[in-house]
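**Q** Below: one structure in structure tokens.
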Amino acid sequence: MAKTTAAITAVGAYLPDFVLTNQLLETMVDTTDEWITTRTGIKERRILKEEGKGTSFLAIKAAEDLIEKRGLNVEEIDMVLMATATPDMPVAATAAYVASEIGAINAFSYDLQAACSSFLYGMSTAASYIASGRYQKILLIGADKMSSIIDYTDRTTCIIFGDGGGAVLFEANDEGLGLQDEYLRTDGGGRQFLKIDAGGSILPPSEETIRKKQHFVFQDGKSVFKFAVSNMADVSAKIMERNQLTHEDVNWLVPHQANKRIIDATANRMGLDESKVMMNIHRYGNTTSATLPLLLHDYEKQLKKGDNIIFAAFGGGFTWGSIYLKWAYNS
Ligand code: UT7
């Protein structure tokens, strides 16, 4: 009997309306459009401005987009998995609220956090549940309201991140399509370089942590850049080698969008022409958990059944890895 594989069978997305351009950032911090463009590749990002709306808002909108496009009966969803680094609240799983709001009354749900690798790891989790045969339909959502943890007076971080949400549906496939292989890594030594110091169990919130701005993202950009460049390229090359894929066999690279220079280095190492590299960093910046599904959404119409796709991500922790997936449908 053929092995059951787990395939992506639908995609949805949502981006808030407000556009934070490099020109607008020039009026907020000491920076220039030229610096941001040449150092990162980012031109603009989206920000969720409405008060009282959190990551669940982005997630629900992305899920609803998928449900409508696919004509999915939400009562058939077995599980809602939320990849996010910015849950609505520290306690009370955001996924549970999202599942209820979209009407997935037969699903169980939880959040998964691995910083910018959250969605990649979520793909591995969702696919494993499906391949086990225990569940048939899993909605994996990647959403982050990064603007809620960014200090808009810190030019080293505020130029990078944006808000957004994306969703994919995983289902069983009996043609051998879907997830083929994964290579996932972590290194806890990296957490000093990219973190939020306060608000967790080591340093609970206090007047002092607020005064010292310790609830915002801190990043030692140069160090993270060094690790990201070598590690994202390594795992992407490794998964190609392990599956005997040449650059000609790979149809698409779906890379995390933290910095265009990191993406270019990864594509170079894989020997891929830039026409095979999905890119949206210029429009959305780094949307953390939403990045990979937003790319799939933007490029969905160009994807063909059987396409060989390599996903790669790198994030805080450090967490990183690559996934090899065969696309399962024509749009
Ligand atoms: O998604 C999770 C993983 N994250 C990443 O992969 C991010 C990795 N890091 C990066 O993408 C880059 O390191 C950054 C985009 C964050 C920074 O770019 P960089 O080329 O590494 O710049 P740098 O930190 O080495 O700073 C170079 C100079 C510094 O000035 P001095 O010391 O040379 O005078 C900075 O103060 O650029 C200055 N600078 C800026 N100038 C204008 C830093 N941020 C800005 C800014 N505008 N926004």
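Ligands are numbered from 1 in the order shown, residues from 1 within each chain, and chains are lettered A, B, ... in the order they appear in the structure tokens.
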Please identify the residues whose atoms come within 6 Å of ligand 1, using only C-alpha atoms and all ligand atoms, and report them as a PyMOL selection string.

**A** chain A and resi 31-32+35+39-40+116+155-156+159+221-222+224-225+228+258-259+314-316

**Q** Determine the nearest neighbour of Asp163 (chain A) from the options A:Ala131, A:Ala267, A:Leu20, A:Ala237, counting only C-alpha atoms.

**A**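 Checking each of A:Ala131, A:Ala267, A:Leu20, A:Ala237 against Asp163 (chain A), counting only C-alpha atoms, the winner is A:Leu20.
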
**Q** Any idea what's packed within 8 Å of Asp151 (chain A), counting only C-alpha atoms, ignoring anything in its chain fewer than 6 positions away? Could you give it as a JSON list (two decimals) with N, CA, C and O atoms, in the first residue's frame?

**A**
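Now in result-v4.json:
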[["chain", "number", "residue", "atom", "x", "y", "z"],
["A", 157, "THR", "N", 15.17, 47.96, 14.31],
["A", 157, "THR", "CA", 14.13, 46.92, 14.19],
["A", 157, "THR", "C", 12.85, 47.41, 13.49],
["A", 157, "THR", "O", 12.19, 46.64, 12.80],
["A", 158, "CYS", "N", 12.50, 48.68, 13.67],
["A", 158, "CYS", "CA", 11.18, 49.12, 13.19],
["A", 158, "CYS", "C", 11.07, 49.16, 11.67],
["A", 158, "CYS", "O", 9.98, 49.17, 11.12],
["A", 213, "LYS", "N", 12.12, 49.59, 28.21],
["A", 213, "LYS", "CA", 11.65, 49.12, 26.90],
["A", 213, "LYS", "C", 12.00, 47.66, 26.64],
["A", 213, "LYS", "O", 12.36, 47.27, 25.53],
["A", 216, "PHE", "N", 9.93, 45.08, 24.05],
["A", 216, "PHE", "CA", 10.07, 45.16, 22.60],
["A", 216, "PHE", "C", 11.13, 44.18, 22.11],
["A", 216, "PHE", "O", 11.99, 43.74, 22.87],
["A", 217, "VAL", "N", 11.08, 43.89, 20.80],
["A", 217, "VAL", "CA", 12.08, 43.00, 20.19],
["A", 217, "VAL", "C", 13.45, 43.67, 20.25],
["A", 217, "VAL", "O", 13.61, 44.84, 19.87]]

**Q** Which residues, written as a list in words, have at least one atom at most 10 Å from Tyr324 (chain A), with only C-alpha atoms counted and residues fewer than 6 positions away on the same chain left out?

**A**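 Using only C-alpha atoms, the neighbours found are Gly178, Leu179, Gln180, Asp181, Glu182, Tyr183, Ser236, Ile239, Met240, Asn243, Val250, Leu253, Asn308, Ile309, Ile310, Phe311 and Ala312 of chain A.
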
**Q** Restricting the calculation to only C-alpha atoms: of A:Lys137, A:Arg185, A:Arg283, A:Arg45, which residue gets closest to Val80 (chain A)?

**A** A:Lys137

**Q** Give me the residues within 7 Å of region 89-94 of chain A as an mmCIF file with C-alpha atoms, in the first residue's frame, counting only C-alpha atoms and dropping any in the same chain fewer than 3 places off.

**A**
data_model
loop_
_atom_site.group_PDB
_atom_site.id
_atom_site.type_symbol
_atom_site.label_atom_id
_atom_site.label_comp_id
_atom_site.auth_asym_id
_atom_site.auth_seq_id
_atom_site.Cartn_x
_atom_site.Cartn_y
_atom_site.Cartn_z
ATOM 1 C CA SER A 56 -6.468 36.515 15.941
ATOM 2 C CA TYR A 97 -10.438 31.534 19.798
ATOM 3 C CA VAL A 98 -9.749 31.502 16.056
ATOM 4 C CA TYR A 110 -3.224 25.131 19.880
ATOM 5 C CA ASP A 111 -0.438 27.655 19.258
#

**Q** Considering only helix (DSSP H, G or I) as DSSP defines it on the backbone, what residues of region 95-227 of chain A qualify? List them as a ChimeraX atom specification.

**A** /A:95-102,118-131,146-149,188-192,207-211,221-227

**Q** Write a file of the just-selected residues containing C-alpha atoms, as a compact mmCIF listing (two decimals), in the first residue's frame.

**A**
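Wrote it out as out03.txt, contents follow:
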# COMPACT_ATOMS: atom_id res chain seq x y z
CA ALA A 95 -5.85 29.11 18.08
CA ALA A 96 -8.81 28.14 20.29
CA TYR A 97 -10.44 31.53 19.80
CA VAL A 98 -9.75 31.50 16.06
CA ALA A 99 -11.20 27.98 15.67
CA SER A 100 -14.40 29.03 17.47
CA GLU A 101 -14.76 32.26 15.50
CA ILE A 102 -14.50 30.49 12.13
CA SER A 118 6.99 28.93 13.49
CA PHE A 119 5.19 28.25 10.21
CA LEU A 120 7.91 25.92 8.91
CA TYR A 121 7.75 23.86 12.11
CA GLY A 122 3.95 24.03 11.92
CA MET A 123 4.11 22.45 8.45
CA SER A 124 6.09 19.58 9.92
CA THR A 125 3.58 19.16 12.79
CA ALA A 126 0.48 19.35 10.59
CA ALA A 127 1.94 16.97 8.01
CA SER A 128 2.91 14.42 10.68
CA TYR A 129 -0.62 14.37 12.12
CA ILE A 130 -2.05 13.83 8.63
CA ALA A 131 0.49 11.16 7.64
CA MET A 146 4.66 42.31 14.82
CA SER A 147 3.79 45.99 15.28
CA SER A 148 2.62 45.08 18.82
CA ILE A 149 6.18 44.19 19.92
CA GLY A 188 19.59 27.82 22.14
CA GLY A 189 22.90 29.67 22.23
CA GLY A 190 21.36 32.07 19.77
CA ARG A 191 18.72 33.53 22.05
CA GLN A 192 20.96 36.35 23.28
CA GLU A 207 7.48 49.48 35.89
CA GLU A 208 11.20 49.03 35.39
CA THR A 209 10.85 46.64 32.42
CA ILE A 210 8.50 49.12 30.78
CA ARG A 211 10.82 52.03 31.43
CA GLY A 221 21.26 42.36 13.54
CA LYS A 222 24.83 41.73 12.45
CA SER A 223 25.15 38.49 14.48
CA VAL A 224 21.72 37.21 13.43
CA PHE A 225 22.57 38.01 9.82
CA LYS A 226 25.76 35.92 9.98
CA PHE A 227 23.98 32.87 11.43

**Q** Taking the chain letters and numbering used in this document, name the residues of region 4-231 of chain A that DSSP puts in strand (DSSP E), as a ChimeraX atom specification.

**A** /A:5-14,18-21,44-47,79-83,108-112,137-144,164-173,178-186,194-195,218-219

**Q** Write out as a ChimeraX atom specification the residues lying within 8 Å of Trp327 (chain A), counting only C-alpha atoms and excluding same-chain residues fewer than 4 positions away.

**A** /A:7-8,177-178,303-309

**Q** Please, could you write that set of residues out with C-alpha atoms as a short mmCIF file (atom, residue, chain, number, x, y, z; two decimals), in the first residue's frame?

**A**
data_model
loop_
_atom_site.label_atom_id
_atom_site.label_comp_id
_atom_site.auth_asym_id
_atom_site.auth_seq_id
_atom_site.Cartn_x
_atom_site.Cartn_y
_atom_site.Cartn_z
CA ALA A 7 -0.32 17.86 0.92
CA ILE A 8 -1.28 21.52 0.92
CA LEU A 177 2.50 14.58 -3.38
CA GLY A 178 2.95 16.94 -0.42
CA LEU A 303 2.31 26.77 -9.07
CA LYS A 304 1.73 23.50 -10.89
CA LYS A 305 0.86 20.05 -9.64
CA GLY A 306 4.09 18.12 -9.05
CA ASP A 307 6.32 21.22 -8.66
CA ASN A 308 9.30 20.60 -6.36
CA ILE A 309 9.34 23.31 -3.70
#

**Q** Between A:Leu296, A:Ala10, A:Pro16, A:Ser206, which residue has the minimum interatomic distance to Lys61 (chain A), considering only C-alpha atoms?

**A** A:Pro16

**Q** Using only C-alpha atoms, which of A:His215, A:Lys276, A:Arg46, A:Lys53 sits nearest Asp249 (chain A)?

**A**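 Closest to Asp249 (chain A) of all the choices is A:Lys276.
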
**Q** Using only C-alpha atoms, which of the listed residues (A:Asp65, A:Asp220, A:Asp17, A:Glu50) sits closest to Ala167 (chain A)?

**A** A:Asp65

**Q** Could you check how far CA of Tyr14 (chain A) sits from CA of Lys69 (chain A), in Å to one decimal?

**A** 12.9 Å

**Q** Between A:Val11, A:Leu72, A:Ala198, A:Ala85, which residue has the minimum interatomic distance to Thr55 (chain A), considering only C-alpha atoms?

**A**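 For Thr55 (chain A), the nearest of the given residues is A:Ala85.
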
**Q** So how many Å separate CA of Ile141 (chain A) and CA of Gly52 (chain A), to one decimal?

**A**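 Atom-to-atom, CA of Ile141 (chain A) to CA of Gly52 (chain A), that is 20.5 Å.
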
**Q** Could you please determine the separation between CA of Gly103 (chain A) and CA of Asp78 (chain A) in Å, to one decimal place?

**A**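 Going from CA of Gly103 (chain A) over to CA of Asp78 (chain A) covers 11.8 Å.
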
**Q** Which residues, written as a short mmCIF file (atom, residue, chain, number, x, y, z; two decimals) with C-alpha atoms, in the first residue's frame, have at least one atom at most 7 Å from Leu184 (chain A), with only C-alpha atoms counted and residues fewer than 5 positions away on the same chain left out?

**A**
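Now in selection11.cif:
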data_model
loop_
_atom_site.label_atom_id
_atom_site.label_comp_id
_atom_site.auth_asym_id
_atom_site.auth_seq_id
_atom_site.Cartn_x
_atom_site.Cartn_y
_atom_site.Cartn_z
CA TRP A 320 15.83 27.10 11.38
CA GLY A 321 15.31 24.45 8.77
CA SER A 322 14.13 23.39 5.35
#
